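Undergrad: Shown below is the structure under consideration.
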Amino acid sequence: MEMRGALARLRRATGLPVAFGGLVEPGRRRMRISELNGAATPALRGLAVTSGNGLGGKAVALARPCAVTDYSLSRQISHEYDTAVAAEGLRSVLAIPVVVRRRVRGVLYGALRTAQPLGDRTLNLAVDVARDIEQTLAVEDEARGLLAAARPEPPTGSAAGSGAGWEQVREAHAALRALAPRIADPLLRAELLHACGLLTRGTPPPAVALAPRELDVLACVAAGATNAAAAERLGLRPETVKGYLGSAMRKLGAHTRGEAVVAARRTGLLP
């Protein structure tokens, strides 16, 4: 789970001994603490934090980082969760909202068991970790959107391989392949690659084996991308894309980009 890895990164980056967090429940204005790192007790696990309440609820309501030097004595927050916080022995606490497309999706907390100012450097390092989760969630949202929009069966009949509908299938295939390597969730990544397979279903079994990155590049080319555009989409350097494309062309016995795409479609590698 990405939250678990983020908490470990937060502790390494900031040096804070305790980190915990969770995601906002879909359709509700509350988040539930699902992951703990460095905690001595299970007191915080499963705690439901309502927007506006406590430090984390304040971070959710304001969509900005919040911190207190001594949680139990702070007048900046409400105190619905003092019992759980005291059971873990926490004093100085920061809460960083995870915001994707202007919507708070979760909260990361870091804490000390002593009452002392956390400082701007610690807060900024924690914010950097939250930004990483935001990017991951944004990519996964995009991937799920593509999965929902992708057509599971390619067009058949005389119109197969042509027309605006088929071009949408090809664009979806290229987008899914480009996103897959960036997905941290292995189940979602596998679902994306399975969807890619669905989009080529009905074509003959591949007669040529291409490496995953060769196929990624070729899918971008098939969707009309230049080498530079493919590099930006795949997170590669243009010369790396050129190398993958050249290798794919040799395997397919093609002399041009267009021939490579046609050969890949003919052999069932592309929709």
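Convention: chains lettered A, B, ... in structure tokens order; per-chain residue numbering from 1; ligands numbered from 1 as shown.
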Check segment 2-249 of chain A with DSSP on the backbone and list each residue it calls strand (DSSP E), as a PyMOL selection string.

TA: chain A and resi 18-23+30-32+35-37+48-50+66-68+93-100+103-111

Undergrad: Between A:Gly224, A:Pro97, A:Val217, A:Lys251, which residue has the minimum interatomic distance to Arg237 of chain A, considering only C-alpha atoms?

TA: A:Val217

Undergrad: Which residue out of A:Leu179, A:Met3, A:Val98, A:Ala211 has the minimum interatomic distance to Glu140 of chain A when only C-alpha atoms are used?

TA: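 Ranked by minimum distance to Glu140 of chain A, first place goes to A:Leu179.
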
Undergrad: Please list as a PyMOL selection string every residue within 12 Å of Glu259 of chain A, counting only C-alpha atoms and excluding residues in the same chain fewer than 3 positions away.

TA: chain A and resi 218+221-222+245-246+248-256+262-266

Undergrad: If you measure from atom CA of Ala260 of chain A to atom CA of Leu192 of chain A, what distance in Å do you get, rounded to one decimal?

TA: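 Between these atoms lies a distance of 23.7 Å.
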